[in-house]
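Undergrad: Shown below is the structure under consideration.
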Amino acid sequence: NCGFVYKQKPVAPPLPPRKKARLCIKGWNEDVSDLETFAPVVRFETVRTALNHAAHEDLELWSADVCSAYILSPLQPGQEVFMNDPDDPKGDTVLKLKKALYGLKSSARAWNNHFHKWLVKRGFKRSEEDHGMYVRGEGKSRIVLLLFVDDTLTVAHNSVLASFIKEFKADWEIRDYGEPKVFLGCDIKRDRKAGTIKLFQETYIENIAKRVGVDKSHPINTPFEPNQVLTARGSD
């Protein structure tokens with residue numbers, strides 16, 4: 001009831017896609033009748049607001065994601081999950097999970113609870129309006145962290161951001177993307193002189209075009225033939 005899943009995850013250009021291999025459990029057999037499965041993520045309206053604040057106040061942006069986030073998360077209290085040993089093709093060995101695993105219906109909630117506790121211990125407060133946003137400090141010491149599953153975007157003054165990055169890296173193995181060029185499928189372009197941060201979905205649209213096989217199509221100015229006469233259905 002488990003297997004390996006292989007995929008390529010796009011990252012910020014010009015870096016090539018990152019190849020990933022995950023051991024996933026077939027979680028559709030999991031009984032979640034007594035478990036919490038919902039995991040909040042930051043709303044995109046909040047992301048736009050945070051970027052607008054960063055542009056207006058000339059704040060720093062920092063993006064990172066936690067490596068293998070789900071398998072770091074303890075299962076929920078009273079939860080028991082068993083699976084076959086992937087190294088035992090005969091299926092004679094059964095393993096009992098101590099941590100969450102990709103594929104479980106409850107894994108996203110387990111990770112969110114685990115990371116939430118870490119943030120709260122370090123003085124962050126979760127927004128009541130958006131549970132994917134956390135804030136610590138006030139004024140120039142304020143740090144705003146946006147969380148989308150295991151992807152984070154931090155907005156802060158340079159004076160406090162450096163110390164927070166060290167604090168973050170001390171407890172988590174992460175992929176440090178620095179100032180983000182891409183977040184949640186949107187390209188981010190910043191002009192500090194003009195005091196602007198703009199969001200584009202050019203890369204997202206190009207990927208969709210490649211997926212449906214129209215990336216080689218030629219663009220036209222008009223979607224219909226010129227001088228074509230349209231009539232109502234059923235008329236002459």
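Naming scheme: A, B, ... for chains in displayed order of the structure tokens; residues 1 onward per chain; ligands 1 onward as shown.
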Which residues, written as a list of chain:residue names, have at least one atom at most 9 Å from segment 172-175 of chain A, with only C-alpha atoms counted and residues fewer than 4 positions away on the same chain left out?
TA: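 So the residues in contact are A:Ser63, A:Ala64, A:Asp65, A:Val66, A:Cys67, A:Ser68, A:Glu167, A:Phe168.
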Undergrad: Kindly export the residues of the current selection with N, CA and C atoms, as a PDB file, in the first residue's frame.
TA:
ATOM      1  N   SER A  63      12.338  34.152   0.426  1.00  0.00           N
ATOM      2  CA  SER A  63      11.521  32.968   0.153  1.00  0.00           C
ATOM      3  C   SER A  63      12.313  31.700   0.418  1.00  0.00           C
ATOM      4  N   ALA A  64      11.636  30.705   0.974  1.00  0.00           N
ATOM      5  CA  ALA A  64      12.271  29.416   1.258  1.00  0.00           C
ATOM      6  C   ALA A  64      11.191  28.356   1.391  1.00  0.00           C
ATOM      7  N   ASP A  65      11.569  27.107   1.234  1.00  0.00           N
ATOM      8  CA  ASP A  65      10.649  26.023   1.560  1.00  0.00           C
ATOM      9  C   ASP A  65      11.367  24.972   2.386  1.00  0.00           C
ATOM     10  N   VAL A  66      10.619  24.302   3.234  1.00  0.00           N
ATOM     11  CA  VAL A  66      11.174  23.304   4.147  1.00  0.00           C
ATOM     12  C   VAL A  66      11.284  21.971   3.419  1.00  0.00           C
ATOM     13  N   CYS A  67      12.441  21.347   3.508  1.00  0.00           N
ATOM     14  CA  CYS A  67      12.669  20.064   2.834  1.00  0.00           C
ATOM     15  C   CYS A  67      11.920  18.938   3.537  1.00  0.00           C
ATOM     16  N   SER A  68      11.242  18.113   2.751  1.00  0.00           N
ATOM     17  CA  SER A  68      10.553  16.922   3.275  1.00  0.00           C
ATOM     18  C   SER A  68       9.692  17.256   4.487  1.00  0.00           C
ATOM     19  N   GLU A 167      17.907  31.995  12.491  1.00  0.00           N
ATOM     20  CA  GLU A 167      17.022  31.287  13.413  1.00  0.00           C
ATOM     21  C   GLU A 167      16.254  30.174  12.697  1.00  0.00           C
ATOM     22  N   PHE A 168      15.804  30.472  11.505  1.00  0.00           N
ATOM     23  CA  PHE A 168      15.051  29.509  10.702  1.00  0.00           C
ATOM     24  C   PHE A 168      15.935  28.325  10.307  1.00  0.00           C
TER      25      PHE A 168
END
Undergrad: Compile the contact shell of segment 206-222 of chain A as number ranges by chain: residues with an atom at most 12 Å away, counting only C-alpha atoms, same-chain residues fewer than 3 positions apart removed.
TA: A: 10, 185-187, 200-203, 225-228
Undergrad: Would you mind reading off the distance between atom CA of Gly3 of chain A and atom CA of Asp92 of chain A, one decimal, in Å?
TA: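 Between these atoms lies a distance of 15.9 Å.
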Undergrad: I want to know what sits within 10 Å of segment 42-44 of chain A, based on only C-alpha atoms, with residues of the same chain fewer than 5 positions away left out; could you give that as a PyMOL selection string?
TA: chain A and resi 49-50+129-134+145-149+152+184
Undergrad: May I have the residues from that selection written out with N, CA and C atoms, as a tab-separated table (two decimals), in the first residue's frame?
TA:
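Saved file selection.tsv follows:
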chain	number	residue	atom	x	y	z
A	49	THR	N	-1.27	41.99	-0.67
A	49	THR	CA	-1.20	43.06	0.32
A	49	THR	C	0.19	43.16	0.94
A	50	ALA	N	0.79	42.01	1.25
A	50	ALA	CA	2.13	41.99	1.84
A	50	ALA	C	3.16	42.55	0.87
A	129	GLU	N	-7.59	36.83	10.59
A	129	GLU	CA	-8.24	37.00	9.29
A	129	GLU	C	-7.72	36.01	8.25
A	130	ASP	N	-6.47	35.61	8.39
A	130	ASP	CA	-5.86	34.68	7.44
A	130	ASP	C	-4.89	33.80	8.21
A	131	HIS	N	-5.24	32.54	8.38
A	131	HIS	CA	-4.42	31.62	9.17
A	131	HIS	C	-3.13	31.21	8.47
A	132	GLY	N	-2.92	31.72	7.26
A	132	GLY	CA	-1.65	31.46	6.58
A	132	GLY	C	-0.66	32.59	6.76
A	133	MET	N	-0.99	33.59	7.61
A	133	MET	CA	-0.09	34.71	7.85
A	133	MET	C	0.25	34.79	9.34
A	134	TYR	N	1.55	34.98	9.62
A	134	TYR	CA	2.04	35.10	10.98
A	134	TYR	C	2.83	36.40	11.10
A	145	LEU	N	5.36	36.58	8.04
A	145	LEU	CA	5.65	35.32	7.36
A	145	LEU	C	4.36	34.78	6.76
A	146	LEU	N	4.41	34.50	5.47
A	146	LEU	CA	3.27	33.92	4.76
A	146	LEU	C	3.57	32.45	4.49
A	147	LEU	N	2.60	31.59	4.77
A	147	LEU	CA	2.81	30.14	4.68
A	147	LEU	C	1.81	29.52	3.72
A	148	PHE	N	2.33	28.83	2.71
A	148	PHE	CA	1.50	28.05	1.78
A	148	PHE	C	2.06	26.62	1.78
A	149	VAL	N	1.48	25.77	2.59
A	149	VAL	CA	1.95	24.40	2.85
A	149	VAL	C	3.37	24.47	3.41
A	152	THR	N	7.35	29.37	2.12
A	152	THR	CA	7.24	30.56	2.96
A	152	THR	C	7.73	31.79	2.22
A	184	LEU	N	4.14	30.99	-5.71
A	184	LEU	CA	2.79	30.47	-5.98
A	184	LEU	C	2.42	30.61	-7.46
Undergrad: Run DSSP on the backbone and tell me which residues of segment 3-231 of chain A come out as alpha helix (DSSP H); list them as a PyMOL selection string.
TA: chain A and resi 44-57+107-121+158-171+202-212
Undergrad: Apply DSSP to the structure's backbone, then extract all residues of segment 1-232 of chain A labelled strand (DSSP E) and return them as a VMD selection string.
TA: chain A and resid 2 to 9 18 to 25 60 to 66 82 to 84 94 to 96 125 to 126 133 to 136 143 to 148 151 to 156 174 to 178 182 to 183 186 to 191 196 to 200
Undergrad: Nearest to Arg48 of chain A: which of A:Val135, A:Met83, A:Ile205, A:Leu199 is it, counting only C-alpha atoms?
TA: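 For Arg48 of chain A, the nearest of the given residues is A:Leu199.
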Undergrad: Counting only C-alpha atoms, give me one row per residue of segment 57-173 of chain A with an atom at most 9 Å from an atom of segment 16-36 of chain A, showing the shortest contact pair and its distance in Å to one decimal, sorted by chain then residue number, as a Markdown table.
TA:
| residue | atom | partner | partner_atom | distance |
| --- | --- | --- | --- | --- |
| A:Ser68 | CA | A:Arg22 | CA | 8.9 |
| A:Gln76 | CA | A:Leu35 | CA | 7.6 |
| A:Gln79 | CA | A:Leu35 | CA | 8.0 |
| A:Val81 | CA | A:Glu30 | CA | 7.9 |
| A:Met83 | CA | A:Ile25 | CA | 7.5 |
| A:Pro86 | CA | A:Leu23 | CA | 8.6 |
| A:Leu101 | CA | A:Cys24 | CA | 6.5 |
| A:Tyr102 | CA | A:Cys24 | CA | 4.9 |
| A:Gly103 | CA | A:Ile25 | CA | 4.9 |
| A:Leu104 | CA | A:Gly27 | CA | 4.4 |
| A:Lys105 | CA | A:Gly27 | CA | 6.0 |
| A:Ser106 | CA | A:Glu36 | CA | 6.7 |
| A:Arg109 | CA | A:Glu36 | CA | 6.7 |
| A:Ala110 | CA | A:Glu36 | CA | 8.6 |
Undergrad: To one decimal in Å, tell me the separation between atom CA of Asp191 of chain A and atom CA of Glu179 of chain A.
TA: 12.7 Å
Undergrad: Would you mind reading off the distance between atom CA of Val41 of chain A and atom CA of Asp150 of chain A, one decimal, in Å?
TA: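 Straight-line distance from atom CA of Val41 of chain A to atom CA of Asp150 of chain A works out to 9.5 Å.
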Undergrad: So that I can see what lies close to His157 of chain A, please list as a compact mmCIF listing (two decimals) with C-alpha atoms, in the first residue's frame the residues with an atom at most 8 Å from it, counting only C-alpha atoms and leaving out residues fewer than 3 positions away in the same chain.
TA:
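Saved result, out.txt, follows:
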# COMPACT_ATOMS: atom_id res chain seq x y z
CA LEU A 59 11.18 46.09 2.90
CA GLU A 60 13.13 42.94 2.11
CA LYS A 140 10.95 48.14 12.19
CA SER A 141 11.20 44.88 14.16
CA ARG A 142 8.05 43.45 12.56
CA ILE A 143 8.40 40.20 10.62
CA VAL A 160 15.85 41.84 11.52
CA LEU A 161 15.59 39.57 8.47
